[in-house]
$ cat model39.csv   # CSV, C-alpha atoms
chain,number,residue,atom,x,y,z
A,1,MET,CA,-2.4,4.6,-9.4
A,2,MET,CA,-3.9,3.5,-12.7
A,3,SER,CA,-1.2,5.4,-14.6
A,4,ILE,CA,1.7,3.3,-13.2
A,5,LEU,CA,-0.3,0.1,-13.7
A,6,GLU,CA,-1.0,0.9,-17.3
A,7,THR,CA,2.7,1.6,-17.8
A,8,LEU,CA,3.8,-1.7,-16.3
A,9,VAL,CA,1.2,-3.6,-18.3
A,10,GLN,CA,2.5,-2.0,-21.5
A,11,GLU,CA,6.1,-2.7,-20.7
A,12,TRP,CA,5.5,-6.3,-19.6
A,13,GLN,CA,3.5,-7.0,-22.7
A,14,GLN,CA,6.5,-5.9,-24.8
A,15,ILE,CA,8.9,-8.0,-22.7
A,16,LEU,CA,6.9,-11.2,-22.6
A,17,GLY,CA,5.2,-11.1,-25.9
A,18,ALA,CA,3.2,-14.3,-26.8
A,19,LYS,CA,4.3,-15.9,-23.5
A,20,LEU,CA,2.0,-13.5,-21.5
A,21,VAL,CA,-1.4,-14.9,-20.6
A,22,GLY,CA,-2.6,-12.3,-18.1
A,23,ILE,CA,-1.7,-9.6,-15.5
A,24,TYR,CA,-3.9,-9.5,-12.5
A,25,LEU,CA,-4.3,-7.0,-9.6
A,26,HIS,CA,-5.1,-8.6,-6.2
A,27,GLY,CA,-4.8,-7.5,-2.6
A,28,SER,CA,-6.1,-4.3,-1.1
A,29,LEU,CA,-6.7,-2.5,-4.4
A,30,CYS,CA,-9.3,-5.2,-5.2
A,31,LEU,CA,-10.7,-5.7,-1.7
A,32,GLY,CA,-11.4,-2.1,-1.0
A,33,GLY,CA,-8.9,-1.5,1.8
A,34,PHE,CA,-6.1,0.3,-0.1
A,35,GLN,CA,-4.4,3.2,1.7
A,36,ALA,CA,-1.5,4.9,0.1
A,37,GLU,CA,0.5,5.1,3.3
A,38,THR,CA,0.1,1.5,4.5
A,39,SER,CA,-0.8,-0.6,1.4
A,40,ASP,CA,1.2,-1.9,-1.6
A,41,ILE,CA,0.4,-2.9,-5.1
A,42,ASP,CA,-0.1,-6.7,-5.5
A,43,LEU,CA,0.3,-8.2,-9.0
A,44,LEU,CA,0.2,-11.7,-10.3
A,45,VAL,CA,1.5,-12.4,-13.8
A,46,VAL,CA,0.5,-15.6,-15.7
A,47,ILE,CA,2.7,-16.9,-18.5
A,48,GLU,CA,2.3,-19.8,-20.9
A,49,GLU,CA,5.9,-21.0,-20.8
A,50,GLU,CA,9.0,-20.4,-18.8
A,51,MET,CA,10.9,-17.2,-19.2
A,52,ALA,CA,14.5,-16.8,-20.3
A,53,ASP,CA,16.9,-15.2,-17.9
A,54,ALA,CA,17.0,-12.1,-20.1
A,55,GLU,CA,13.2,-11.7,-19.9
A,56,LYS,CA,13.3,-12.1,-16.2
A,57,ASN,CA,15.9,-9.4,-15.9
A,58,LYS,CA,14.0,-7.0,-18.1
A,59,LEU,CA,10.9,-7.5,-15.9
A,60,MET,CA,13.1,-6.7,-12.9
A,61,LEU,CA,14.5,-3.6,-14.5
A,62,SER,CA,11.0,-2.5,-15.4
A,63,ILE,CA,10.0,-2.7,-11.8
A,64,LEU,CA,13.1,-1.0,-10.5
A,65,ASN,CA,12.7,1.9,-13.0
A,66,HIS,CA,9.4,3.0,-11.5
A,67,LEU,CA,10.2,2.8,-7.8
A,68,ASP,CA,9.2,6.5,-7.3
A,69,ASP,CA,5.7,5.8,-8.8
A,70,TYR,CA,4.6,3.1,-6.3
A,71,PRO,CA,2.8,3.8,-3.0
A,72,GLN,CA,5.0,4.0,0.1
A,73,LYS,CA,4.9,0.3,0.8
A,74,GLY,CA,5.9,-0.6,-2.8
A,75,LEU,CA,5.0,-3.3,-5.2
A,76,GLU,CA,4.8,-7.1,-4.8
A,77,MET,CA,4.8,-9.3,-7.9
A,78,SER,CA,4.8,-13.0,-8.7
A,79,VAL,CA,5.0,-14.8,-12.0
A,80,VAL,CA,3.4,-18.2,-12.3
A,81,LEU,CA,2.8,-20.7,-15.2
A,82,CYS,CA,-0.7,-21.1,-16.6
A,83,LYS,CA,-0.6,-24.8,-16.2
A,84,ASP,CA,0.1,-24.4,-12.4
A,85,ILE,CA,-2.9,-22.1,-11.8
A,86,GLN,CA,-5.2,-24.4,-13.7
A,87,LYS,CA,-4.1,-27.6,-11.9
A,88,PRO,CA,-2.7,-26.2,-8.7
A,89,SER,CA,-0.6,-28.1,-6.2
A,90,PHE,CA,0.8,-26.8,-3.0
A,91,PRO,CA,3.1,-25.3,-2.2
A,92,MET,CA,2.9,-23.7,-5.6
A,93,PRO,CA,5.9,-23.1,-7.9
A,94,TYR,CA,6.7,-19.6,-9.1
A,95,SER,CA,9.0,-18.4,-11.9
A,96,LEU,CA,9.9,-15.0,-10.5
A,97,HIS,CA,9.0,-13.0,-7.4
A,98,PHE,CA,9.7,-9.5,-6.1
A,99,SER,CA,8.8,-7.6,-3.0
A,100,PRO,CA,10.3,-4.6,-1.2
A,101,MET,CA,12.2,-6.9,1.2
A,102,TYR,CA,14.4,-7.9,-1.7
A,103,LEU,CA,14.9,-4.3,-3.1
A,104,CYS,CA,18.5,-3.9,-2.1
A,105,GLU,CA,19.5,-7.2,-3.5
A,106,ALA,CA,17.6,-6.6,-6.8
A,107,LYS,CA,19.1,-3.2,-7.2
A,108,GLN,CA,22.7,-4.5,-6.6
A,109,ASP,CA,22.5,-7.1,-9.4
A,110,SER,CA,19.1,-7.5,-11.1
A,111,LEU,CA,20.2,-10.3,-13.4
A,112,ALA,CA,21.7,-12.4,-10.5
A,113,TYR,CA,18.5,-11.8,-8.5
A,114,ALA,CA,16.2,-12.7,-11.4
A,115,GLN,CA,18.2,-15.9,-12.1
A,116,LYS,CA,17.9,-17.2,-8.5
A,117,MET,CA,14.4,-15.9,-7.5
A,118,HIS,CA,12.2,-19.0,-8.3
A,119,GLY,CA,10.9,-21.9,-6.3
A,120,TYR,CA,7.8,-22.6,-4.2
A,121,ASP,CA,5.7,-20.1,-2.2
A,122,ASP,CA,3.1,-21.0,0.5
A,123,ASP,CA,1.6,-17.5,0.1
A,124,LEU,CA,0.4,-18.2,-3.5
A,125,ALA,CA,-2.6,-20.1,-2.2
A,126,VAL,CA,-3.9,-16.9,-0.7
A,127,HIS,CA,-2.9,-14.8,-3.7
A,128,LEU,CA,-4.6,-17.1,-6.2
A,129,THR,CA,-7.8,-17.4,-4.1
A,130,ILE,CA,-8.1,-13.6,-3.9
A,131,THR,CA,-7.3,-13.2,-7.6
A,132,LYS,CA,-9.9,-15.7,-8.7
A,133,GLU,CA,-12.6,-14.3,-6.4
A,134,LYS,CA,-11.9,-10.6,-6.4
A,135,GLY,CA,-9.0,-10.0,-8.8
A,136,ILE,CA,-9.0,-7.4,-11.6
A,137,ALA,CA,-7.6,-8.4,-15.1
A,138,LEU,CA,-5.3,-5.6,-16.2
A,139,TYR,CA,-4.5,-7.8,-19.2
A,140,GLY,CA,-5.9,-11.2,-20.2
A,141,PRO,CA,-9.0,-13.2,-19.6
A,142,ASN,CA,-11.4,-12.9,-16.6
A,143,PRO,CA,-9.6,-14.5,-13.6
A,144,GLN,CA,-12.8,-16.4,-12.6
A,145,GLN,CA,-12.6,-18.2,-15.9
A,146,LEU,CA,-8.8,-18.7,-16.1
A,147,PHE,CA,-8.0,-19.7,-12.5
A,148,ALA,CA,-8.9,-23.0,-10.9
A,149,SER,CA,-10.6,-23.0,-7.5
A,150,ILE,CA,-8.1,-23.3,-4.7
A,151,PRO,CA,-9.0,-25.9,-2.0
A,152,LYS,CA,-10.2,-24.1,1.1
A,153,GLN,CA,-7.7,-26.0,3.2
A,154,ALA,CA,-4.7,-24.8,1.1
A,155,TYR,CA,-6.0,-21.2,1.5
A,156,LEU,CA,-6.3,-21.6,5.3
A,157,ASP,CA,-2.9,-23.4,5.6
A,158,SER,CA,-1.3,-20.4,3.8
A,159,ILE,CA,-3.0,-17.9,6.1
A,160,LEU,CA,-2.3,-19.8,9.2
A,161,GLN,CA,1.4,-20.0,8.3
A,162,ASP,CA,1.5,-16.2,8.5
A,163,LEU,CA,-0.8,-15.9,11.6
A,164,LYS,CA,1.2,-18.3,13.7
A,165,ASP,CA,4.2,-16.0,13.4
A,166,GLY,CA,2.0,-13.3,14.9
A,167,GLN,CA,2.4,-14.8,18.4
A,168,PHE,CA,5.6,-12.6,18.5
A,169,LYS,CA,5.2,-10.2,15.6
A,170,ILE,CA,1.9,-8.8,16.8
A,171,TYR,CA,3.8,-6.6,19.2
A,172,GLU,CA,5.8,-5.1,16.2
A,173,ASN,CA,2.8,-4.7,13.9
A,174,PRO,CA,-0.4,-5.0,16.0
A,175,GLY,CA,-2.9,-3.5,13.5
A,176,TYR,CA,-1.8,-5.9,10.7
A,177,TYR,CA,-2.3,-9.0,12.8
A,178,ILE,CA,-5.4,-7.9,14.6
A,179,LEU,CA,-7.3,-7.3,11.4
A,180,ASN,CA,-5.8,-10.3,9.7
A,181,LEU,CA,-7.1,-12.5,12.5
A,182,CYS,CA,-10.5,-10.9,12.2
A,183,ARG,CA,-10.8,-11.4,8.4
A,184,THR,CA,-9.5,-15.0,8.7
A,185,LEU,CA,-12.4,-15.8,11.2
A,186,ALA,CA,-14.8,-14.1,8.7
A,187,TYR,CA,-13.6,-16.5,6.0
A,188,LEU,CA,-14.0,-19.5,8.3
A,189,LYS,CA,-17.4,-18.5,9.7
A,190,ASP,CA,-19.1,-16.9,6.7
A,191,ASP,CA,-16.9,-17.7,3.6
A,192,LEU,CA,-16.1,-14.1,3.2
A,193,ILE,CA,-12.9,-12.8,1.6
A,194,LEU,CA,-12.4,-9.3,3.0
A,195,SER,CA,-10.0,-6.5,3.3
A,196,LYS,CA,-8.3,-5.9,6.6
A,197,ASP,CA,-10.6,-3.0,7.3
A,198,ASP,CA,-13.8,-4.9,6.4
A,199,GLY,CA,-12.5,-7.9,8.5
A,200,GLY,CA,-12.3,-5.6,11.5
A,201,LYS,CA,-15.8,-4.2,10.8
A,202,TRP,CA,-17.2,-7.7,10.4
A,203,ALA,CA,-15.7,-8.7,13.8
A,204,LEU,CA,-17.3,-5.7,15.5
A,205,THR,CA,-20.7,-6.9,14.4
A,206,LYS,CA,-20.2,-10.5,15.6
A,207,SER,CA,-18.9,-10.2,19.2
A,208,ASN,CA,-18.8,-8.0,22.2
A,209,GLN,CA,-15.3,-9.1,23.0
A,210,HIS,CA,-12.2,-7.1,22.2
A,211,ILE,CA,-14.2,-4.2,20.8
A,212,SER,CA,-11.7,-1.6,21.9
A,213,THR,CA,-8.7,-3.5,20.5
A,214,ILE,CA,-10.3,-3.9,17.1
A,215,LYS,CA,-11.4,-0.2,17.0
A,216,LYS,CA,-7.8,0.8,17.8
A,217,ALA,CA,-6.6,-1.3,14.9
A,218,LEU,CA,-9.1,0.3,12.5
A,219,LEU,CA,-8.0,3.8,13.8
A,220,GLU,CA,-4.3,2.8,13.3
A,221,ARG,CA,-5.2,2.0,9.7
A,222,GLN,CA,-6.3,5.6,9.3
A,223,ASN,CA,-2.8,6.8,10.5
A,224,ASN,CA,-4.0,7.6,13.9
A,225,LYS,CA,-1.7,7.0,16.8
A,226,VAL,CA,-3.0,4.4,19.2
A,227,ASN,CA,-1.5,2.6,22.2
A,228,TYR,CA,-1.9,-1.1,23.0
A,229,SER,CA,-0.8,-2.9,26.1
A,230,GLN,CA,1.2,-6.1,25.7
A,231,ASP,CA,-1.4,-8.0,27.7
A,232,GLU,CA,-4.1,-6.7,25.4
A,233,LEU,CA,-2.3,-7.9,22.3
A,234,ARG,CA,-1.4,-11.3,23.9
A,235,ILE,CA,-4.9,-12.0,25.0
A,236,PHE,CA,-6.4,-10.9,21.7
A,237,TYR,CA,-4.0,-13.1,19.7
A,238,ARG,CA,-4.7,-16.1,22.0
A,239,ASP,CA,-8.5,-15.7,21.9
A,240,TYR,CA,-8.7,-15.2,18.1
A,241,MET,CA,-6.3,-18.0,17.3
A,242,ASP,CA,-8.3,-20.3,19.6
A,243,LEU,CA,-11.5,-19.3,17.6
A,244,ILE,CA,-9.8,-19.9,14.3
A,245,LEU,CA,-8.2,-23.2,15.2
A,246,ASN,CA,-11.4,-24.5,16.8
A,247,LYS,CA,-13.5,-23.4,13.8
A,248,GLN,CA,-11.1,-25.0,11.4
A,249,GLN,CA,-11.3,-28.3,13.3
A,250,LEU,CA,-15.1,-28.2,13.0
A,251,SER,CA,-15.1,-27.4,9.3

$ encode --input "model39.csv" --output "structure tokens"
Amino acid sequence: MMSILETLVQEWQQILGAKLVGIYLHGSLCLGGFQAETSDIDLLVVIEEEMADAEKNKLMLSILNHLDDYPQKGLEMSVVLCKDIQKPSFPMPYSLHFSPMYLCEAKQDSLAYAQKMHGYDDDLAVHLTITKEKGIALYGPNPQQLFASIPKQAYLDSILQDLKDGQFKIYENPGYYILNLCRTLAYLKDDLILSKDDGGKWALTKSNQHISTIKKALLERQNNKVNYSQDELRIFYRDYMDLILNKQQLS
């Protein structure tokens, strides 16, 4: 994994030159829950000033040229301005973003994709929090020194935006939502930023409820085949969202 990261860092340094402030690894590779079959590479690129369209396109081509070197789930990357991570406001603006869900569009016309892919992203509150607390600098200064602290409420709002979709999506991707609910509660109760696996393990130590469901989710993360009932998932989601929302109101 380090080989492709080193390659990308070298290429992006050449593309961005003096504009590049730092390249940071966040997500499961930092939190200790990375699995080649189910995890992706998460990168945050910090720049001093806005990129030209040609630079954006070169970044996209760099990403597309190495598709075979990423884990099965691919690579996700966002580019943000240094001034925005040092005085953050939410939702936070970004200069460029890529994830596998946009792969076909990016491959079809990388320049057109790069020109239009900018705006505001609610998810950046989570990405910046994890980068500041647990991130690894592949290039540039220590993230704890460079990044401003993200307000707890902005982090929670970003997480809850995703979790509220889980009312229906938990049936399509149960392990993801079960363990995300667990680690969100760990953050609310104990101020812990955890991987999905560690969130599930934390939940097993805190309650006697839903033990079998959480154990199934952890087994699923290890590529074991497990079966959930619809009632099991519905009740788990209801109970954990109640705990999270009640805990948030008390915070």

$ closest_residue --input "model39.csv" --among "A:Phe34, A:Phe236, A:Tyr102, A:Tyr24" --to "A:Lys196" --atoms "only C-alpha atoms"
A:Phe34

$ closest_residue --input "model39.csv" --among "A:Asp239, A:Asp109, A:Asp198, A:Asp157" --to "A:Leu31" --atoms "only C-alpha atoms"
A:Asp198

$ atom_distance --input "model39.csv" --atom1 "atom CA of A:Ser158" --atom2 "atom CA of A:Asp122"
5.5 Å

$ closest_residue --input "model39.csv" --among "A:Met101, A:Ala106, A:Leu146, A:Leu96" --to "A:Tyr120" --atoms "all atoms listed in the file"
A:Leu96

$ residues_near_point --input "model39.csv" --point "(-20.2, -13.4, 17.2)" --cutoff "12 Å" --atoms "all atoms listed in the file" --output "list in words"
Cys182, Leu185, Ala186, Lys189, Asp190, Trp202, Ala203, Leu204, Thr205, Lys206, Ser207, Asn208, Gln209, His210, Ile211, Tyr240 and Leu243 of chain A

$ atom_distance --input "model39.csv" --atom1 "atom CA of A:Gln72" --atom2 "atom CA of A:Asp197"
18.6 Å

$ atom_distance --input "model39.csv" --atom1 "atom CA of A:Leu8" --atom2 "atom CA of A:Met51"
17.3 Å

$ build_atoms --input "model39.csv" --residues "stretch 110-121 of chain A" --atoms "N, CA and C atoms" --output "PDB file, keeping the file's coordinate frame"
ATOM      1  N   SER A 110      20.444  -7.024 -10.738  1.00  0.00           N
ATOM      2  CA  SER A 110      19.100  -7.500 -11.100  1.00  0.00           C
ATOM      3  C   SER A 110      19.115  -8.815 -11.830  1.00  0.00           C
ATOM      4  N   LEU A 111      20.127  -9.070 -12.646  1.00  0.00           N
ATOM      5  CA  LEU A 111      20.200 -10.300 -13.400  1.00  0.00           C
ATOM      6  C   LEU A 111      20.422 -11.506 -12.417  1.00  0.00           C
ATOM      7  N   ALA A 112      21.386 -11.356 -11.516  1.00  0.00           N
ATOM      8  CA  ALA A 112      21.700 -12.400 -10.500  1.00  0.00           C
ATOM      9  C   ALA A 112      20.420 -12.691  -9.687  1.00  0.00           C
ATOM     10  N   TYR A 113      19.747 -11.612  -9.284  1.00  0.00           N
ATOM     11  CA  TYR A 113      18.500 -11.800  -8.500  1.00  0.00           C
ATOM     12  C   TYR A 113      17.465 -12.532  -9.290  1.00  0.00           C
ATOM     13  N   ALA A 114      17.261 -12.122 -10.551  1.00  0.00           N
ATOM     14  CA  ALA A 114      16.200 -12.700 -11.400  1.00  0.00           C
ATOM     15  C   ALA A 114      16.527 -14.217 -11.641  1.00  0.00           C
ATOM     16  N   GLN A 115      17.797 -14.551 -11.786  1.00  0.00           N
ATOM     17  CA  GLN A 115      18.200 -15.900 -12.100  1.00  0.00           C
ATOM     18  C   GLN A 115      17.887 -16.861 -10.885  1.00  0.00           C
ATOM     19  N   LYS A 116      18.043 -16.342  -9.675  1.00  0.00           N
ATOM     20  CA  LYS A 116      17.900 -17.200  -8.500  1.00  0.00           C
ATOM     21  C   LYS A 116      16.487 -17.183  -7.879  1.00  0.00           C
ATOM     22  N   MET A 117      15.686 -16.129  -8.211  1.00  0.00           N
ATOM     23  CA  MET A 117      14.400 -15.900  -7.500  1.00  0.00           C
ATOM     24  C   MET A 117      13.298 -16.769  -8.161  1.00  0.00           C
ATOM     25  N   HIS A 118      13.321 -18.065  -7.879  1.00  0.00           N
ATOM     26  CA  HIS A 118      12.200 -19.000  -8.300  1.00  0.00           C
ATOM     27  C   HIS A 118      12.193 -20.101  -7.287  1.00  0.00           C
ATOM     28  N   GLY A 119      11.068 -20.799  -7.258  1.00  0.00           N
ATOM     29  CA  GLY A 119      10.900 -21.900  -6.300  1.00  0.00           C
ATOM     30  C   GLY A 119       9.471 -22.121  -5.938  1.00  0.00           C
ATOM     31  N   TYR A 120       9.171 -22.251  -4.640  1.00  0.00           N
ATOM     32  CA  TYR A 120       7.800 -22.600  -4.200  1.00  0.00           C
ATOM     33  C   TYR A 120       7.438 -21.562  -3.081  1.00  0.00           C
ATOM     34  N   ASP A 121       6.164 -21.178  -3.080  1.00  0.00           N
ATOM     35  CA  ASP A 121       5.700 -20.100  -2.200  1.00  0.00           C
ATOM     36  C   ASP A 121       4.383 -20.507  -1.546  1.00  0.00           C
TER      37      ASP A 121
END
